[in-house]
file coords12.pdb (PDB, C-alpha atoms, pLDDT in the B column)
ATOM      1  CA  MET A   1      -8.066 -10.388  -5.396  1.00 85.00           C
ATOM      2  CA  GLN A   2      -6.908  -9.983  -1.816  1.00 93.00           C
ATOM      3  CA  TRP A   3      -3.294 -10.324  -0.721  1.00 96.00           C
ATOM      4  CA  LYS A   4      -1.043  -9.899   2.274  1.00 96.00           C
ATOM      5  CA  ILE A   5       2.629  -9.164   2.804  1.00 97.00           C
ATOM      6  CA  ARG A   6       4.547 -11.448   5.137  1.00 97.00           C
ATOM      7  CA  LEU A   7       8.111 -12.466   5.875  1.00 97.00           C
ATOM      8  CA  TYR A   8       9.762 -14.907   3.480  1.00 97.00           C
ATOM      9  CA  GLU A   9       9.890 -18.552   4.613  1.00 96.00           C
ATOM     10  CA  LYS A  10      12.107 -21.330   3.263  1.00 96.00           C
ATOM     11  CA  GLU A  11       9.029 -23.164   1.924  1.00 95.00           C
ATOM     12  CA  ASP A  12       8.387 -20.202  -0.405  1.00 96.00           C
ATOM     13  CA  SER A  13      11.546 -20.941  -2.408  1.00 94.00           C
ATOM     14  CA  GLY A  14       9.761 -23.542  -4.543  1.00 93.00           C
ATOM     15  CA  GLU A  15       7.504 -20.888  -6.093  1.00 94.00           C
ATOM     16  CA  ILE A  16      10.142 -18.189  -6.555  1.00 94.00           C
ATOM     17  CA  PRO A  17      11.783 -19.462  -9.804  1.00 93.00           C
ATOM     18  CA  ARG A  18       8.422 -19.621 -11.633  1.00 93.00           C
ATOM     19  CA  LEU A  19       7.347 -16.227 -10.313  1.00 95.00           C
ATOM     20  CA  PHE A  20      10.703 -14.681 -11.284  1.00 94.00           C
ATOM     21  CA  TYR A  21      10.691 -16.224 -14.772  1.00 94.00           C
ATOM     22  CA  GLU A  22       7.090 -15.249 -15.572  1.00 94.00           C
ATOM     23  CA  THR A  23       7.491 -11.727 -14.215  1.00 95.00           C
ATOM     24  CA  VAL A  24      10.611 -11.053 -16.280  1.00 95.00           C
ATOM     25  CA  HIS A  25       9.270 -12.649 -19.480  1.00 94.00           C
ATOM     26  CA  ILE A  26       5.817 -11.057 -19.340  1.00 95.00           C
ATOM     27  CA  THR A  27       6.530  -7.627 -17.859  1.00 94.00           C
ATOM     28  CA  GLY A  28      10.000  -7.333 -19.372  1.00 92.00           C
ATOM     29  CA  ALA A  29       8.654  -7.818 -22.896  1.00 92.00           C
ATOM     30  CA  GLU A  30       7.729  -4.115 -22.874  1.00 88.00           C
ATOM     31  CA  ALA A  31      11.370  -3.044 -22.866  1.00 94.00           C
ATOM     32  CA  TYR A  32      13.679  -6.007 -23.451  1.00 95.00           C
ATOM     33  CA  THR A  33      14.268  -8.406 -26.352  1.00 94.00           C
ATOM     34  CA  PRO A  34      13.658 -12.165 -26.010  1.00 95.00           C
ATOM     35  CA  PRO A  35      17.435 -12.870 -25.807  1.00 94.00           C
ATOM     36  CA  GLN A  36      17.797 -10.236 -23.062  1.00 95.00           C
ATOM     37  CA  MET A  37      14.915 -11.707 -21.052  1.00 93.00           C
ATOM     38  CA  GLU A  38      16.327 -15.215 -21.472  1.00 93.00           C
ATOM     39  CA  ALA A  39      19.728 -14.002 -20.216  1.00 92.00           C
ATOM     40  CA  TRP A  40      18.057 -12.314 -17.234  1.00 92.00           C
ATOM     41  CA  ALA A  41      15.697 -15.199 -16.362  1.00 92.00           C
ATOM     42  CA  PRO A  42      16.623 -18.368 -18.278  1.00 90.00           C
ATOM     43  CA  SER A  43      13.962 -20.981 -18.962  1.00 82.00           C
ATOM     44  CA  GLN A  44      16.321 -23.965 -18.819  1.00 66.00           C
ATOM     45  CA  ASN A  45      18.425 -24.561 -15.725  1.00 65.00           C
ATOM     46  CA  GLY A  46      17.959 -20.949 -14.713  1.00 65.00           C
ATOM     47  CA  THR A  47      17.461 -20.338 -11.067  1.00 77.00           C
ATOM     48  CA  ARG A  48      16.929 -23.086  -8.532  1.00 87.00           C
ATOM     49  CA  PRO A  49      14.808 -22.864  -5.376  1.00 91.00           C
ATOM     50  CA  GLN A  50      17.857 -23.457  -3.172  1.00 92.00           C
ATOM     51  CA  ASP A  51      19.693 -20.544  -4.822  1.00 91.00           C
ATOM     52  CA  TRP A  52      16.760 -18.236  -4.156  1.00 93.00           C
ATOM     53  CA  ASP A  53      16.499 -19.511  -0.588  1.00 94.00           C
ATOM     54  CA  LEU A  54      20.158 -18.698   0.029  1.00 93.00           C
ATOM     55  CA  ARG A  55      19.703 -15.201  -1.404  1.00 92.00           C
ATOM     56  CA  LEU A  56      16.420 -14.413   0.358  1.00 95.00           C
ATOM     57  CA  SER A  57      17.421 -15.957   3.693  1.00 94.00           C
ATOM     58  CA  SER A  58      20.473 -13.723   3.950  1.00 91.00           C
ATOM     59  CA  GLY A  59      18.565 -10.440   4.121  1.00 90.00           C
ATOM     60  CA  PHE A  60      15.236  -8.981   5.178  1.00 96.00           C
ATOM     61  CA  SER A  61      12.855 -10.602   2.698  1.00 97.00           C
ATOM     62  CA  LEU A  62       9.137 -10.296   2.121  1.00 98.00           C
ATOM     63  CA  VAL A  63       6.601 -12.093  -0.041  1.00 98.00           C
ATOM     64  CA  ALA A  64       3.155 -11.073  -1.227  1.00 97.00           C
ATOM     65  CA  GLU A  65       0.735 -13.938  -0.890  1.00 96.00           C
ATOM     66  CA  GLU A  66      -2.710 -14.192  -2.403  1.00 94.00           C
ATOM     67  CA  ILE A  67      -5.316 -14.752   0.295  1.00 91.00           C
ATOM     68  CA  PRO A  68      -7.119 -17.974  -0.617  1.00 80.00           C
ATOM     69  CA  GLU A  69     -10.821 -17.924  -1.344  1.00 70.00           C
ATOM     70  CA  PRO A  70     -13.043 -19.361   1.413  1.00 68.00           C
ATOM     71  CA  LEU A  71     -14.579 -22.767   0.773  1.00 56.00           C
ATOM     72  CA  GLU A  72     -18.249 -23.402   1.337  1.00 52.00           C
ATOM     73  CA  ARG A  73     -18.407 -24.376   4.997  1.00 42.00           C
ATOM     74  CA  VAL A  74     -22.084 -25.059   5.351  1.00 36.00           C
ATOM     75  CA  SER A  75     -23.551 -28.461   4.604  1.00 43.00           C
ATOM     76  CA  GLU A  76     -26.340 -30.564   5.998  1.00 45.00           C
ATOM     77  CA  GLU A  77     -23.785 -32.819   7.723  1.00 47.00           C
ATOM     78  CA  CYS A  78     -21.748 -29.975   9.234  1.00 47.00           C
ATOM     79  CA  PRO A  79     -23.598 -26.878  10.455  1.00 48.00           C
ATOM     80  CA  ARG A  80     -21.754 -23.546  10.240  1.00 44.00           C
ATOM     81  CA  GLU A  81     -21.029 -23.322  13.976  1.00 45.00           C
ATOM     82  CA  GLU A  82     -19.293 -26.711  13.966  1.00 43.00           C
ATOM     83  CA  ALA A  83     -17.109 -26.013  10.939  1.00 41.00           C
ATOM     84  CA  ASP A  84     -13.366 -25.959  11.493  1.00 38.00           C
ATOM     85  CA  PRO A  85     -12.195 -22.364  10.788  1.00 39.00           C
ATOM     86  CA  GLU A  86      -8.801 -23.673   9.572  1.00 38.00           C
ATOM     87  CA  ALA A  87     -10.575 -25.828   6.994  1.00 33.00           C
ATOM     88  CA  ALA A  88     -12.440 -22.816   5.661  1.00 34.00           C
ATOM     89  CA  PHE A  89      -9.718 -21.974   3.162  1.00 36.00           C
ATOM     90  CA  LYS A  90      -8.215 -23.828   0.247  1.00 41.00           C
ATOM     91  CA  GLY A  91      -4.777 -23.628   1.837  1.00 50.00           C
ATOM     92  CA  LYS A  92      -1.757 -21.430   1.365  1.00 69.00           C
ATOM     93  CA  GLY A  93      -2.214 -18.801  -1.313  1.00 83.00           C
ATOM     94  CA  ARG A  94      -0.007 -18.444  -4.363  1.00 92.00           C
ATOM     95  CA  LEU A  95       2.870 -15.998  -4.210  1.00 96.00           C
ATOM     96  CA  LEU A  96       2.343 -12.793  -6.136  1.00 97.00           C
ATOM     97  CA  GLY A  97       5.719 -11.191  -5.486  1.00 97.00           C
ATOM     98  CA  PHE A  98       8.877 -11.014  -3.423  1.00 98.00           C
ATOM     99  CA  ALA A  99      11.372  -8.377  -2.367  1.00 98.00           C
ATOM    100  CA  ASN A 100      14.395  -8.088  -0.136  1.00 96.00           C
ATOM    101  CA  LEU A 101      17.052  -5.894   1.368  1.00 96.00           C
ATOM    102  CA  GLY A 102      20.540  -7.273   0.823  1.00 88.00           C
ATOM    103  CA  GLU A 103      23.864  -6.097   2.207  1.00 83.00           C
ATOM    104  CA  ASN A 104      24.140  -2.493   3.320  1.00 83.00           C
ATOM    105  CA  ARG A 105      26.331  -0.126   1.319  1.00 82.00           C
ATOM    106  CA  GLN A 106      27.977   3.233   1.681  1.00 83.00           C
ATOM    107  CA  LEU A 107      26.888   5.869  -0.825  1.00 84.00           C
ATOM    108  CA  LEU A 108      28.636   9.145  -1.570  1.00 82.00           C
ATOM    109  CA  TRP A 109      26.248  11.515  -3.310  1.00 79.00           C
ATOM    110  CA  GLN A 110      26.890  15.193  -3.980  1.00 81.00           C
ATOM    111  CA  GLY A 111      29.599  15.361  -1.332  1.00 86.00           C
ATOM    112  CA  ARG A 112      27.566  13.664   1.399  1.00 85.00           C
ATOM    113  CA  GLU A 113      28.034  10.144   2.718  1.00 89.00           C
ATOM    114  CA  TYR A 114      24.977   7.945   3.282  1.00 89.00           C
ATOM    115  CA  ARG A 115      24.591   4.659   5.158  1.00 91.00           C
ATOM    116  CA  ALA A 116      22.448   2.985   2.529  1.00 94.00           C
ATOM    117  CA  ALA A 117      20.385  -0.179   2.580  1.00 95.00           C
ATOM    118  CA  TYR A 118      20.588  -2.098  -0.699  1.00 96.00           C
ATOM    119  CA  LEU A 119      17.226  -3.127  -2.152  1.00 97.00           C
ATOM    120  CA  ASP A 120      18.410  -6.340  -3.794  1.00 95.00           C
ATOM    121  CA  CYS A 121      15.239  -7.301  -5.643  1.00 96.00           C
ATOM    122  CA  LEU A 122      11.537  -6.538  -6.005  1.00 98.00           C
ATOM    123  CA  TYR A 123       9.365  -8.593  -8.345  1.00 97.00           C
ATOM    124  CA  VAL A 124       5.575  -8.601  -8.635  1.00 97.00           C
ATOM    125  CA  HIS A 125       3.913 -11.138 -10.935  1.00 96.00           C
ATOM    126  CA  PRO A 126       1.672  -9.598 -13.626  1.00 95.00           C
ATOM    127  CA  ARG A 127      -1.365 -11.104 -11.834  1.00 94.00           C
ATOM    128  CA  GLY A 128      -0.541  -8.946  -8.823  1.00 95.00           C
ATOM    129  CA  GLN A 129       0.558  -5.745 -10.552  1.00 95.00           C
ATOM    130  CA  ARG A 130      -1.324  -2.456 -10.185  1.00 94.00           C
ATOM    131  CA  GLN A 131      -2.799  -3.536  -6.859  1.00 95.00           C
ATOM    132  CA  GLY A 132      -0.419  -1.743  -4.500  1.00 97.00           C
ATOM    133  CA  ILE A 133       1.894  -4.693  -3.796  1.00 98.00           C
ATOM    134  CA  ALA A 134       5.075  -2.994  -5.023  1.00 98.00           C
ATOM    135  CA  TRP A 135       4.190   0.159  -3.044  1.00 98.00           C
ATOM    136  CA  GLU A 136       3.669  -1.894   0.116  1.00 98.00           C
ATOM    137  CA  PHE A 137       6.963  -3.733  -0.453  1.00 98.00           C
ATOM    138  CA  LEU A 138       8.747  -0.377  -0.753  1.00 98.00           C
ATOM    139  CA  ARG A 139       7.039   1.016   2.347  1.00 98.00           C
ATOM    140  CA  GLN A 140       7.998  -1.978   4.488  1.00 98.00           C
ATOM    141  CA  LEU A 141      11.548  -2.266   3.120  1.00 98.00           C
ATOM    142  CA  GLU A 142      12.198   1.434   3.691  1.00 97.00           C
ATOM    143  CA  GLN A 143      10.777   1.125   7.208  1.00 97.00           C
ATOM    144  CA  GLN A 144      13.140  -1.801   7.877  1.00 97.00           C
ATOM    145  CA  ALA A 145      16.088   0.190   6.495  1.00 96.00           C
ATOM    146  CA  ARG A 146      15.301   2.983   8.965  1.00 96.00           C
ATOM    147  CA  LYS A 147      15.176   0.433  11.816  1.00 95.00           C
ATOM    148  CA  GLN A 148      18.642  -0.732  10.746  1.00 94.00           C
ATOM    149  CA  GLY A 149      19.939   2.825  11.082  1.00 94.00           C
ATOM    150  CA  ARG A 150      20.146   3.427   7.339  1.00 95.00           C
ATOM    151  CA  ASN A 151      19.478   6.899   5.943  1.00 94.00           C
ATOM    152  CA  ALA A 152      19.120   5.950   2.254  1.00 95.00           C
ATOM    153  CA  VAL A 153      18.193   3.059  -0.026  1.00 97.00           C
ATOM    154  CA  THR A 154      20.037   2.111  -3.218  1.00 96.00           C
ATOM    155  CA  VAL A 155      18.696  -0.154  -5.940  1.00 97.00           C
ATOM    156  CA  GLU A 156      19.408  -1.241  -9.507  1.00 96.00           C
ATOM    157  CA  VAL A 157      16.164  -1.164 -11.498  1.00 97.00           C
ATOM    158  CA  SER A 158      15.082  -2.375 -14.904  1.00 96.00           C
ATOM    159  CA  LEU A 159      13.699  -0.208 -17.676  1.00 96.00           C
ATOM    160  CA  THR A 160      10.227  -1.507 -16.792  1.00 95.00           C
ATOM    161  CA  ALA A 161      10.524  -0.671 -13.069  1.00 96.00           C
ATOM    162  CA  LYS A 162      12.163   2.741 -13.410  1.00 97.00           C
ATOM    163  CA  GLY A 163       8.857   4.673 -13.504  1.00 96.00           C
ATOM    164  CA  LEU A 164       7.558   3.009 -10.336  1.00 97.00           C
ATOM    165  CA  PHE A 165      10.717   3.862  -8.416  1.00 98.00           C
ATOM    166  CA  GLN A 166      10.714   7.446  -9.679  1.00 98.00           C
ATOM    167  CA  LYS A 167       7.102   7.863  -8.504  1.00 98.00           C
ATOM    168  CA  ALA A 168       8.215   6.515  -5.113  1.00 97.00           C
ATOM    169  CA  GLY A 169      10.855   9.250  -4.822  1.00 97.00           C
ATOM    170  CA  TYR A 170      13.946   7.417  -6.109  1.00 98.00           C
ATOM    171  CA  GLN A 171      16.452   9.336  -8.209  1.00 96.00           C
ATOM    172  CA  VAL A 172      18.668   8.030 -10.991  1.00 97.00           C
ATOM    173  CA  ILE A 173      22.349   7.955 -10.096  1.00 95.00           C
ATOM    174  CA  ALA A 174      23.374   6.583 -13.484  1.00 95.00           C
ATOM    175  CA  PRO A 175      22.251   4.257 -16.251  1.00 97.00           C
ATOM    176  CA  GLN A 176      24.394   1.163 -16.562  1.00 95.00           C
ATOM    177  CA  THR A 177      24.865  -1.818 -18.818  1.00 96.00           C
ATOM    178  CA  VAL A 178      25.184  -5.188 -17.125  1.00 93.00           C
ATOM    179  CA  HIS A 179      26.533  -8.225 -18.930  1.00 94.00           C
ATOM    180  CA  ARG A 180      24.595 -11.392 -18.154  1.00 91.00           C
ATOM    181  CA  ARG A 181      25.112 -14.749 -19.895  1.00 91.00           C
ATOM    182  CA  GLY A 182      26.761 -13.046 -22.858  1.00 92.00           C
ATOM    183  CA  VAL A 183      24.024 -10.433 -23.329  1.00 95.00           C
ATOM    184  CA  ASP A 184      23.994  -6.726 -22.434  1.00 95.00           C
ATOM    185  CA  LEU A 185      21.076  -5.378 -20.378  1.00 94.00           C
ATOM    186  CA  VAL A 186      20.428  -1.738 -19.524  1.00 95.00           C
ATOM    187  CA  ASN A 187      19.254  -0.818 -16.043  1.00 96.00           C
ATOM    188  CA  PHE A 188      19.578   2.117 -13.667  1.00 97.00           C
ATOM    189  CA  GLN A 189      21.362   2.706 -10.393  1.00 96.00           C
ATOM    190  CA  MET A 190      18.908   4.653  -8.232  1.00 97.00           C
ATOM    191  CA  TRP A 191      18.698   5.880  -4.661  1.00 96.00           C
ATOM    192  CA  LYS A 192      16.364   7.529  -2.206  1.00 96.00           C
ATOM    193  CA  PRO A 193      17.255   9.433   0.959  1.00 95.00           C
ATOM    194  CA  LEU A 194      15.222   8.344   3.967  1.00 94.00           C
ATOM    195  CA  LEU A 195      13.929  11.284   5.945  1.00 80.00           C
TER     196      LEU A 195
END
call {"tool": "encode", "arguments": {"input": "coords12.pdb", "output": "structure tokens"}}
result
Amino acid sequence: MQWKIRLYEKEDSGEIPRLFYETVHITGAEAYTPPQMEAWAPSQNGTRPQDWDLRLSSGFSLVAEEIPEPLERVSEECPREEADPEAAFKGKGRLLGFANLGENRQLLWQGREYRAAYLDCLYVHPRGQRQGIAWEFLRQLEQQARKQGRNAVTVEVSLTAKGLFQKAGYQVIAPQTVHRRGVDLVNFQMWKPLL
């Protein structure tokens, strides 16, 4: 499967709730109970496209999009050289993930103050996992944080994402318990200095 990273567009918001729900309920099953996953990403009246659009439009947001497979362009009626290159693809590819930088934060760590970018969310659908999408999201978000004059990134990560962030150089500040829809969920506050 081929994919590309691009900036988030309002039209993407229709796919985000499904992608979010499936990612949490499939990937999260490794570390969270069904009630915890339902509290995190509810199946009924959970997140609406307009809520995601508001959240993702307010920061620097990226999506990973599957590159559509080419259609057969050659036929007896339409030789290859006359084929419309725009018609050569099935259309817009399905989203495989999304990520964004939210509001910037100040971080005091070991006596030093950092101007930190806040990595608000990073989700990659199981169909797109282990293909480098999360790594590319991190690379581009960290690059954007540097452009904004930030010298660190902070993030709150799930039990399932902790290993990825540690491999990418993030350090645990502290574990924390968040209360969502009457259920406790464990995650980790993490950070990375940007050199």
call {"tool": "closest_residue", "arguments": {"input": "coords12.pdb", "among": "A:Ser61, A:Gln143, A:Gln166, A:Asn187", "to": "Ile5 (chain A)", "atoms": "only C-alpha atoms"}}
result
A:Ser61
call {"tool": "atom_distance", "arguments": {"input": "coords12.pdb", "atom1": "CA of Val155 (chain A)", "atom2": "CA of Asp53 (chain A)"}}
result
20.2 Å
call {"tool": "residues_around", "arguments": {"input": "coords12.pdb", "residues": "Trp109 (chain A)", "least_positions_apart": "6", "cutoff": "12 Å", "atoms": "all atoms listed in the file", "output": "list of chain:residue names"}}
result
A:Arg115, A:Ala116, A:Ala152, A:Thr154, A:Gln171, A:Val172, A:Ile173, A:Ala174, A:Met190, A:Trp191, A:Lys192, A:Pro193
call {"tool": "write_last_selection", "arguments": {"input": "coords12.pdb", "atoms": "C-alpha atoms", "output": "compact mmCIF listing (two decimals), in the frame of the given file"}}
result
# COMPACT_ATOMS: atom_id res chain seq x y z
CA ARG A 115 24.59 4.66 5.16
CA ALA A 116 22.45 2.98 2.53
CA ALA A 152 19.12 5.95 2.25
CA THR A 154 20.04 2.11 -3.22
CA GLN A 171 16.45 9.34 -8.21
CA VAL A 172 18.67 8.03 -10.99
CA ILE A 173 22.35 7.96 -10.10
CA ALA A 174 23.37 6.58 -13.48
CA MET A 190 18.91 4.65 -8.23
CA TRP A 191 18.70 5.88 -4.66
CA LYS A 192 16.36 7.53 -2.21
CA PRO A 193 17.26 9.43 0.96
call {"tool": "residues_around", "arguments": {"input": "coords12.pdb", "residues": "region 34-42 of chain A", "least_positions_apart": "2", "cutoff": "10 Å", "atoms": "all atoms listed in the file", "output": "PyMOL selection string"}}
result
chain A and resi 17-18+20-29+31-32+44-47+179-186
call {"tool": "axis_aligned_box", "arguments": {"input": "coords12.pdb", "around": "region 121-139 of chain A", "padding_each_side": "8 Å", "output": "lines of an AutoDock Vina configuration file"}}
result
center_x = 6.2
center_y = -5.1
center_z = -5.6
size_x = 34.0
size_y = 28.2
size_z = 32.0
call {"tool": "atom_distance", "arguments": {"input": "coords12.pdb", "atom1": "CA of Arg55 (chain A)", "atom2": "CA of Asn104 (chain A)"}}
result
14.3 Å
call {"tool": "resolve_selection", "arguments": {"input": "coords12.pdb", "expression": "the PyMOL selection byres ((chain A and resi 57) around 10)", "output": "list in words"}}
result
Tyr8, Glu9, Lys10, Ser13, Asp51, Trp52, Asp53, Leu54, Arg55, Leu56, Ser58, Gly59, Phe60, Ser61, Asn100 and Gly102 of chain A
call {"tool": "write_last_selection", "arguments": {"input": "coords12.pdb", "atoms": "C-alpha atoms", "output": "PDB file, keeping the file's coordinate frame"}}
result
ATOM      1  CA  TYR A   8       9.762 -14.907   3.480  1.00 97.00           C
ATOM      2  CA  GLU A   9       9.890 -18.552   4.613  1.00 96.00           C
ATOM      3  CA  LYS A  10      12.107 -21.330   3.263  1.00 96.00           C
ATOM      4  CA  SER A  13      11.546 -20.941  -2.408  1.00 94.00           C
ATOM      5  CA  ASP A  51      19.693 -20.544  -4.822  1.00 91.00           C
ATOM      6  CA  TRP A  52      16.760 -18.236  -4.156  1.00 93.00           C
ATOM      7  CA  ASP A  53      16.499 -19.511  -0.588  1.00 94.00           C
ATOM      8  CA  LEU A  54      20.158 -18.698   0.029  1.00 93.00           C
ATOM      9  CA  ARG A  55      19.703 -15.201  -1.404  1.00 92.00           C
ATOM     10  CA  LEU A  56      16.420 -14.413   0.358  1.00 95.00           C
ATOM     11  CA  SER A  58      20.473 -13.723   3.950  1.00 91.00           C
ATOM     12  CA  GLY A  59      18.565 -10.440   4.121  1.00 90.00           C
ATOM     13  CA  PHE A  60      15.236  -8.981   5.178  1.00 96.00           C
ATOM     14  CA  SER A  61      12.855 -10.602   2.698  1.00 97.00           C
ATOM     15  CA  ASN A 100      14.395  -8.088  -0.136  1.00 96.00           C
ATOM     16  CA  GLY A 102      20.540  -7.273   0.823  1.00 88.00           C
TER      17      GLY A 102
END
call {"tool": "resolve_selection", "arguments": {"input": "coords12.pdb", "expression": "the PyMOL selection byres ((chain A and resi 92-97) around 6)", "output": "list in words"}}
result
Val63, Ala64, Glu65, Glu66, Ile67, Pro68, Gly91, Phe98, Tyr123, Val124, His125 and Gly128 of chain A
call {"tool": "resolve_selection", "arguments": {"input": "coords12.pdb", "expression": "the PyMOL selection byres ((chain A and resi 141) around 8)", "output": "PDB file with C-alpha atoms, in the coordinates of the input"}}
result
ATOM      1  CA  PHE A  60      15.236  -8.981   5.178  1.00 96.00           C
ATOM      2  CA  ASN A 100      14.395  -8.088  -0.136  1.00 96.00           C
ATOM      3  CA  LEU A 101      17.052  -5.894   1.368  1.00 96.00           C
ATOM      4  CA  LEU A 119      17.226  -3.127  -2.152  1.00 97.00           C
ATOM      5  CA  PHE A 137       6.963  -3.733  -0.453  1.00 98.00           C
ATOM      6  CA  LEU A 138       8.747  -0.377  -0.753  1.00 98.00           C
ATOM      7  CA  ARG A 139       7.039   1.016   2.347  1.00 98.00           C
ATOM      8  CA  GLN A 140       7.998  -1.978   4.488  1.00 98.00           C
ATOM      9  CA  GLU A 142      12.198   1.434   3.691  1.00 97.00           C
ATOM     10  CA  GLN A 143      10.777   1.125   7.208  1.00 97.00           C
ATOM     11  CA  GLN A 144      13.140  -1.801   7.877  1.00 97.00           C
ATOM     12  CA  ALA A 145      16.088   0.190   6.495  1.00 96.00           C
TER      13      ALA A 145
END
call {"tool": "atom_distance", "arguments": {"input": "coords12.pdb", "atom1": "CA of Glu69 (chain A)", "atom2": "CA of Gln2 (chain A)"}}
result
8.9 Å
call {"tool": "residues_around", "arguments": {"input": "coords12.pdb", "residues": "Trp135 (chain A)", "least_positions_apart": "6", "cutoff": "10 Å", "atoms": "all atoms listed in the file", "output": "MDAnalysis selection string"}}
result
chainID A and resid 141 164:165 167:168
call {"tool": "build_atoms", "arguments": {"input": "coords12.pdb", "residues": "region 171-185 of chain A", "atoms": "N, CA and C atoms", "output": "compact mmCIF listing (two decimals), keeping the file's coordinate frame"}}
result
# COMPACT_ATOMS: atom_id res chain seq x y z
N GLN A 171 15.79 8.54 -7.19
CA GLN A 171 16.45 9.34 -8.21
C GLN A 171 17.50 8.49 -8.93
N VAL A 172 17.66 8.76 -10.21
CA VAL A 172 18.67 8.03 -10.99
C VAL A 172 20.06 8.55 -10.63
N ILE A 173 20.93 7.62 -10.27
CA ILE A 173 22.35 7.96 -10.10
C ILE A 173 23.01 7.89 -11.46
N ALA A 174 22.79 6.76 -12.16
CA ALA A 174 23.37 6.58 -13.48
C ALA A 174 22.74 5.38 -14.18
N PRO A 175 22.61 5.47 -15.52
CA PRO A 175 22.25 4.26 -16.25
C PRO A 175 23.48 3.36 -16.30
N GLN A 176 23.26 2.08 -16.46
CA GLN A 176 24.39 1.16 -16.56
C GLN A 176 24.03 0.00 -17.47
N THR A 177 25.04 -0.62 -18.02
CA THR A 177 24.86 -1.82 -18.82
C THR A 177 25.48 -2.97 -18.05
N VAL A 178 24.68 -3.99 -17.80
CA VAL A 178 25.18 -5.19 -17.12
C VAL A 178 25.28 -6.30 -18.15
N HIS A 179 26.28 -7.12 -18.00
CA HIS A 179 26.53 -8.22 -18.93
C HIS A 179 26.11 -9.51 -18.24
N ARG A 180 25.11 -10.17 -18.77
CA ARG A 180 24.60 -11.39 -18.15
C ARG A 180 24.46 -12.48 -19.22
N ARG A 181 25.16 -13.59 -18.98
CA ARG A 181 25.11 -14.75 -19.90
C ARG A 181 25.36 -14.33 -21.35
N GLY A 182 26.35 -13.46 -21.53
CA GLY A 182 26.76 -13.05 -22.86
C GLY A 182 25.88 -12.00 -23.51
N VAL A 183 24.95 -11.41 -22.77
CA VAL A 183 24.02 -10.43 -23.33
C VAL A 183 24.07 -9.16 -22.48
N ASP A 184 24.02 -8.00 -23.14
CA ASP A 184 23.99 -6.73 -22.43
C ASP A 184 22.56 -6.33 -22.10
N LEU A 185 22.37 -5.87 -20.85
CA LEU A 185 21.08 -5.38 -20.38
C LEU A 185 21.27 -3.99 -19.78
